Amino acid sequence: MKTDLRTQSSELEQNRYPPVDDEIDLGELLSVIWRGKWIIAVITFLFVLFSVIFALKQPNLYRSEVLLAPAEAKSNGGLSALAGQFGGLASLAGVNIGGQSTNKTQLALEVLKSRKFVASFIEKHNILPDLMAVESWDIDKGVLYDPEVYDSSSKKWLRDVEAPRIAKPSDQEAYKIFSDLILLKTNKETAMITLSIVHQSPLIAKQWVNWLVKDINKEMRDRDVVEAQKSADFLSKQLEDTKIADIRIILYKLIEEQAKTIMFASVRDEYAFKTIDPALVPEVRDSPKRTLIVILGFALGLVFSCMIVILKHYIRIKD
């Protein structure tokens with residue numbers, strides 16, 4: 001009797017709370033998707049159409065690049081030999097005569113990416129319109145500027161911007177845009193450096209790469225010349241103030257090394273970097289990948305539309 005009561009109670013509980021089937025019926029899903037095929041087709045078509053329009057509106061960008069190698073540093077053997085004899089005075093003069101030398105290549109790369117260098121580069125070559133106002137590039141007409149941003153005939157900026165910005169882009173604005181166009185890659189195994197520029201005009205991309213290499217070499221050369229000249233001036237003053245023969249000999253040698261540095265910098269154009277593979281005018285665009293954009297649009301539309309059809313089906317069942 002008690003067993004029958006327990007059985008009846010168990011059946012009542014099962015009827016009141018029927019077991020939930022958590023398993024997904026693949027056949028049912030395929031059937032739901034098939035029944036909603038027209039919805040899926042329309043939504044997917046709209047996604048593809050949007051991706052095509054988006055891809056076509058993106059301007060062609062061309063990448064020009066140059067392969068560089070760090071220039072060999074001038075031998076520092078003469079100065080290193082003096083480290084034990086006159087290191088204190090040389091250090092005051094800014095002359096590095098012992099220990100690990102500064103990584104000139106890394107310093108040059110950091111200077112190349114600095115705000116000061118970029119701002120000077122933009123102003124020196126007057127490339128602000130080509131950086132901030134280009135609308136398109138045509139192989140016959142060349143660079144075409146956005147008439148609402150820049151008037152090329154009067155060379156006047158026409159941008160409508162909110163304060164504190166003004167019509168002519170500031171150095172900070174230009175730096176941000178330029179930083180997005182330039183790419184530096186260093187091969188850790190070979191120490192080779194790839195410098196590349198992306199622009200709507202392949203001619204401008206190549207020209208900017210060449211200018212960057214030339215200007216960074218000049219910048220690093222000028223820095224070392226100024227530093228060596230200051231060191232030589234300091235050592236010359238010390239030479240005048242001392243009468244001790246041994247110290248005067250060391251000072252003469254230090255001044256000679258600074259003179260060698262100045263001479264070495266003056267006769268060498270590729271001071272910081274040597275060009276291994278020069279930049280070329282790219283014939284094939286680097287971006288956008290229009291086919292990939294359309295494929296991604298199709299895949300996204302297909303997945304999104306299937307989710308809508310399936311959710312709509314299960315919501316209807318629950319209701």
# chains A, B, ... in the order shown; residues from 1 in each chain; ligands from 1
call {"tool": "residues_around", "arguments": {"residues": "Ala232 (chain A)", "least_positions_apart": "3", "cutoff": "10 Å", "atoms": "only C-alpha atoms", "output": "ChimeraX atom specification"}}
result
/A:93-95,226-229,235-238,251-252,254-259,262
call {"tool": "select_by_dssp", "arguments": {"residues": "region 138-207 of chain A", "states": "strand (DSSP E)", "output": "list in words"}}
result
Asp138, Gly142, Val143, Leu144, Tyr145, Tyr150, Asp151, Lys156, Trp157, Ile182, Leu183, Leu184, Lys185, Thr186, Ile193, Thr194, Leu195, Ser196, Ile197, Val198 and His199 of chain A
call {"tool": "residues_around", "arguments": {"residues": "Asp171 (chain A)", "least_positions_apart": "6", "cutoff": "9 Å", "atoms": "only C-alpha atoms", "output": "ChimeraX atom specification"}}
result
/A:115,118-119,122
call {"tool": "atom_distance", "arguments": {"atom1": "CA of Met263 (chain A)", "atom2": "CA of Glu219 (chain A)"}}
result
15.9 Å
call {"tool": "residues_around", "arguments": {"residues": "region 127-138 of chain A", "least_positions_apart": "6", "cutoff": "6 Å", "atoms": "only C-alpha atoms", "output": "PyMOL selection string"}}
result
chain A and resi 144-146+149+201
call {"tool": "write_last_selection", "arguments": {"atoms": "all heavy atoms", "output": "PDB file, in the first residue's frame"}}
result
ATOM      1  N   LEU A 144      44.382  64.865 -55.323  1.00  0.00           N
ATOM      2  CA  LEU A 144      43.208  65.732 -55.305  1.00  0.00           C
ATOM      3  C   LEU A 144      42.845  66.016 -53.863  1.00  0.00           C
ATOM      4  O   LEU A 144      42.689  65.089 -53.068  1.00  0.00           O
ATOM      5  CB  LEU A 144      42.032  65.062 -56.033  1.00  0.00           C
ATOM      6  CG  LEU A 144      42.275  64.684 -57.505  1.00  0.00           C
ATOM      7  CD1 LEU A 144      41.073  63.946 -58.068  1.00  0.00           C
ATOM      8  CD2 LEU A 144      42.577  65.930 -58.334  1.00  0.00           C
ATOM      9  N   TYR A 145      42.715  67.299 -53.523  1.00  0.00           N
ATOM     10  CA  TYR A 145      42.437  67.690 -52.151  1.00  0.00           C
ATOM     11  C   TYR A 145      40.939  67.859 -51.930  1.00  0.00           C
ATOM     12  O   TYR A 145      40.195  68.212 -52.846  1.00  0.00           O
ATOM     13  CB  TYR A 145      43.159  68.991 -51.804  1.00  0.00           C
ATOM     14  CG  TYR A 145      44.658  68.891 -51.895  1.00  0.00           C
ATOM     15  CD1 TYR A 145      45.351  69.441 -52.968  1.00  0.00           C
ATOM     16  CD2 TYR A 145      45.402  68.244 -50.912  1.00  0.00           C
ATOM     17  CE1 TYR A 145      46.732  69.356 -53.066  1.00  0.00           C
ATOM     18  CE2 TYR A 145      46.776  68.140 -50.992  1.00  0.00           C
ATOM     19  CZ  TYR A 145      47.433  68.700 -52.075  1.00  0.00           C
ATOM     20  OH  TYR A 145      48.801  68.593 -52.159  1.00  0.00           O
ATOM     21  N   ASP A 146      40.516  67.639 -50.695  1.00  0.00           N
ATOM     22  CA  ASP A 146      39.125  67.844 -50.313  1.00  0.00           C
ATOM     23  C   ASP A 146      38.836  69.344 -50.323  1.00  0.00           C
ATOM     24  O   ASP A 146      39.446  70.100 -49.543  1.00  0.00           O
ATOM     25  CB  ASP A 146      38.886  67.269 -48.913  1.00  0.00           C
ATOM     26  CG  ASP A 146      37.414  67.282 -48.521  1.00  0.00           C
ATOM     27  OD1 ASP A 146      36.633  68.017 -49.155  1.00  0.00           O
ATOM     28  OD2 ASP A 146      37.061  66.548 -47.585  1.00  0.00           O
ATOM     29  N   VAL A 149      38.210  71.118 -47.092  1.00  0.00           N
ATOM     30  CA  VAL A 149      39.287  71.122 -46.096  1.00  0.00           C
ATOM     31  C   VAL A 149      40.419  72.062 -46.494  1.00  0.00           C
ATOM     32  O   VAL A 149      40.922  72.832 -45.665  1.00  0.00           O
ATOM     33  CB  VAL A 149      39.840  69.692 -45.897  1.00  0.00           C
ATOM     34  CG1 VAL A 149      41.042  69.702 -44.953  1.00  0.00           C
ATOM     35  CG2 VAL A 149      38.756  68.777 -45.361  1.00  0.00           C
ATOM     36  N   SER A 201      48.739  58.234 -52.349  1.00  0.00           N
ATOM     37  CA  SER A 201      49.571  58.408 -53.540  1.00  0.00           C
ATOM     38  C   SER A 201      50.828  57.560 -53.418  1.00  0.00           C
ATOM     39  O   SER A 201      51.611  57.729 -52.473  1.00  0.00           O
ATOM     40  CB  SER A 201      49.966  59.875 -53.709  1.00  0.00           C
ATOM     41  OG  SER A 201      51.005  60.009 -54.653  1.00  0.00           O
TER      42      SER A 201
END
call {"tool": "closest_residue", "arguments": {"among": "A:Ile53, A:Lys218, A:Lys156, A:Val198", "to": "Pro169 (chain A)", "atoms": "only C-alpha atoms"}}
result
A:Lys156
call {"tool": "closest_residue", "arguments": {"among": "A:Gly142, A:Leu296, A:Ser153, A:Val309", "to": "Val42 (chain A)", "atoms": "only C-alpha atoms"}}
result
A:Val309
call {"tool": "select_by_dssp", "arguments": {"residues": "region 83-229 of chain A", "states": "helix (DSSP H, G or I)", "output": "MDAnalysis selection string"}}
result
chainID A and resid 83:92 104:112 115:125 128:132 171:181 202:229
call {"tool": "closest_residue", "arguments": {"among": "A:Met307, A:Ile295, A:Ile250, A:Ala279", "to": "Asn210 (chain A)", "atoms": "only C-alpha atoms"}}
result
A:Ala279
call {"tool": "residues_around", "arguments": {"residues": "Ser51 (chain A)", "least_positions_apart": "2", "cutoff": "7 Å", "atoms": "only C-alpha atoms", "output": "ChimeraX atom specification"}}
result
/A:47-49,53-55,293-294,297
call {"tool": "write_last_selection", "arguments": {"atoms": "all heavy atoms", "output": "PDB file, in the first residue's frame"}}
result
ATOM      1  N   PHE A  47      23.609  42.655 -45.757  1.00  0.00           N
ATOM      2  CA  PHE A  47      24.961  42.742 -45.199  1.00  0.00           C
ATOM      3  C   PHE A  47      26.010  42.787 -46.307  1.00  0.00           C
ATOM      4  O   PHE A  47      26.976  43.566 -46.238  1.00  0.00           O
ATOM      5  CB  PHE A  47      25.226  41.546 -44.270  1.00  0.00           C
ATOM      6  CG  PHE A  47      24.871  41.797 -42.835  1.00  0.00           C
ATOM      7  CD1 PHE A  47      23.546  41.753 -42.421  1.00  0.00           C
ATOM      8  CD2 PHE A  47      25.844  42.083 -41.902  1.00  0.00           C
ATOM      9  CE1 PHE A  47      23.213  41.986 -41.101  1.00  0.00           C
ATOM     10  CE2 PHE A  47      25.515  42.321 -40.573  1.00  0.00           C
ATOM     11  CZ  PHE A  47      24.186  42.273 -40.170  1.00  0.00           C
ATOM     12  N   VAL A  48      25.843  41.949 -47.312  1.00  0.00           N
ATOM     13  CA  VAL A  48      26.791  41.936 -48.433  1.00  0.00           C
ATOM     14  C   VAL A  48      26.759  43.265 -49.175  1.00  0.00           C
ATOM     15  O   VAL A  48      27.803  43.822 -49.540  1.00  0.00           O
ATOM     16  CB  VAL A  48      26.475  40.767 -49.396  1.00  0.00           C
ATOM     17  CG1 VAL A  48      27.309  40.873 -50.668  1.00  0.00           C
ATOM     18  CG2 VAL A  48      26.737  39.432 -48.710  1.00  0.00           C
ATOM     19  N   LEU A  49      25.551  43.784 -49.396  1.00  0.00           N
ATOM     20  CA  LEU A  49      25.417  45.062 -50.096  1.00  0.00           C
ATOM     21  C   LEU A  49      26.112  46.182 -49.327  1.00  0.00           C
ATOM     22  O   LEU A  49      26.837  47.001 -49.906  1.00  0.00           O
ATOM     23  CB  LEU A  49      23.937  45.387 -50.286  1.00  0.00           C
ATOM     24  CG  LEU A  49      23.609  46.702 -51.019  1.00  0.00           C
ATOM     25  CD1 LEU A  49      24.158  46.673 -52.434  1.00  0.00           C
ATOM     26  CD2 LEU A  49      22.109  46.950 -51.022  1.00  0.00           C
ATOM     27  N   ILE A  53      29.421  48.406 -50.550  1.00  0.00           N
ATOM     28  CA  ILE A  53      29.430  49.876 -50.564  1.00  0.00           C
ATOM     29  C   ILE A  53      30.555  50.411 -49.684  1.00  0.00           C
ATOM     30  O   ILE A  53      31.281  51.335 -50.066  1.00  0.00           O
ATOM     31  CB  ILE A  53      28.062  50.418 -50.088  1.00  0.00           C
ATOM     32  CG1 ILE A  53      26.968  50.025 -51.088  1.00  0.00           C
ATOM     33  CG2 ILE A  53      28.111  51.935 -49.924  1.00  0.00           C
ATOM     34  CD1 ILE A  53      25.570  50.378 -50.626  1.00  0.00           C
ATOM     35  N   PHE A  54      30.711  49.812 -48.506  1.00  0.00           N
ATOM     36  CA  PHE A  54      31.771  50.235 -47.588  1.00  0.00           C
ATOM     37  C   PHE A  54      33.152  50.026 -48.200  1.00  0.00           C
ATOM     38  O   PHE A  54      34.024  50.903 -48.119  1.00  0.00           O
ATOM     39  CB  PHE A  54      31.653  49.455 -46.280  1.00  0.00           C
ATOM     40  CG  PHE A  54      32.753  49.732 -45.301  1.00  0.00           C
ATOM     41  CD1 PHE A  54      32.739  50.875 -44.523  1.00  0.00           C
ATOM     42  CD2 PHE A  54      33.816  48.840 -45.163  1.00  0.00           C
ATOM     43  CE1 PHE A  54      33.762  51.136 -43.624  1.00  0.00           C
ATOM     44  CE2 PHE A  54      34.846  49.091 -44.271  1.00  0.00           C
ATOM     45  CZ  PHE A  54      34.810  50.247 -43.504  1.00  0.00           C
ATOM     46  N   ALA A  55      33.360  48.868 -48.838  1.00  0.00           N
ATOM     47  CA  ALA A  55      34.661  48.562 -49.438  1.00  0.00           C
ATOM     48  C   ALA A  55      34.993  49.505 -50.582  1.00  0.00           C
ATOM     49  O   ALA A  55      36.133  49.948 -50.728  1.00  0.00           O
ATOM     50  CB  ALA A  55      34.680  47.109 -49.923  1.00  0.00           C
ATOM     51  N   ILE A 293      36.705  42.080 -47.192  1.00  0.00           N
ATOM     52  CA  ILE A 293      35.619  42.822 -46.530  1.00  0.00           C
ATOM     53  C   ILE A 293      34.261  42.251 -46.924  1.00  0.00           C
ATOM     54  O   ILE A 293      33.373  42.073 -46.091  1.00  0.00           O
ATOM     55  CB  ILE A 293      35.708  44.320 -46.894  1.00  0.00           C
ATOM     56  CG1 ILE A 293      36.951  44.949 -46.267  1.00  0.00           C
ATOM     57  CG2 ILE A 293      34.455  45.070 -46.424  1.00  0.00           C
ATOM     58  CD1 ILE A 293      37.188  46.387 -46.676  1.00  0.00           C
ATOM     59  N   VAL A 294      34.079  41.947 -48.219  1.00  0.00           N
ATOM     60  CA  VAL A 294      32.799  41.404 -48.693  1.00  0.00           C
ATOM     61  C   VAL A 294      32.569  40.004 -48.113  1.00  0.00           C
ATOM     62  O   VAL A 294      31.448  39.666 -47.709  1.00  0.00           O
ATOM     63  CB  VAL A 294      32.763  41.370 -50.230  1.00  0.00           C
ATOM     64  CG1 VAL A 294      31.496  40.684 -50.728  1.00  0.00           C
ATOM     65  CG2 VAL A 294      32.828  42.791 -50.791  1.00  0.00           C
ATOM     66  N   GLY A 297      31.546  40.370 -44.602  1.00  0.00           N
ATOM     67  CA  GLY A 297      30.168  40.860 -44.561  1.00  0.00           C
ATOM     68  C   GLY A 297      29.171  39.741 -44.808  1.00  0.00           C
ATOM     69  O   GLY A 297      28.129  39.656 -44.134  1.00  0.00           O
TER      70      GLY A 297
END
call {"tool": "atom_distance", "arguments": {"atom1": "CA of Val66 (chain A)", "atom2": "CA of Pro278 (chain A)"}}
result
5.0 Å
call {"tool": "residues_around", "arguments": {"residues": "Trp34 (chain A)", "least_positions_apart": "3", "cutoff": "12 Å", "atoms": "only C-alpha atoms", "output": "list of chain:residue names"}}
result
A:Gly27, A:Glu28, A:Leu29, A:Leu30, A:Ser31, A:Lys37, A:Trp38, A:Ile39, A:Ile40, A:Ala41, A:Ser305, A:Cys306, A:Val309, A:Ile310, A:His313
call {"tool": "closest_residue", "arguments": {"among": "A:Ala174, A:Leu68, A:Leu158, A:Leu112", "to": "Asn126 (chain A)", "atoms": "only C-alpha atoms"}}
result
A:Ala174
call {"tool": "closest_residue", "arguments": {"among": "A:Leu46, A:Ala272, A:Ala167, A:Ile177", "to": "Leu107 (chain A)", "atoms": "only C-alpha atoms"}}
result
A:Ala272
call {"tool": "residues_around", "arguments": {"residues": "Glu270 (chain A)", "least_positions_apart": "6", "cutoff": "9 Å", "atoms": "only C-alpha atoms", "output": "JSON, numbers by chain"}}
result
{"A": [71, 213, 214, 217, 218, 221]}
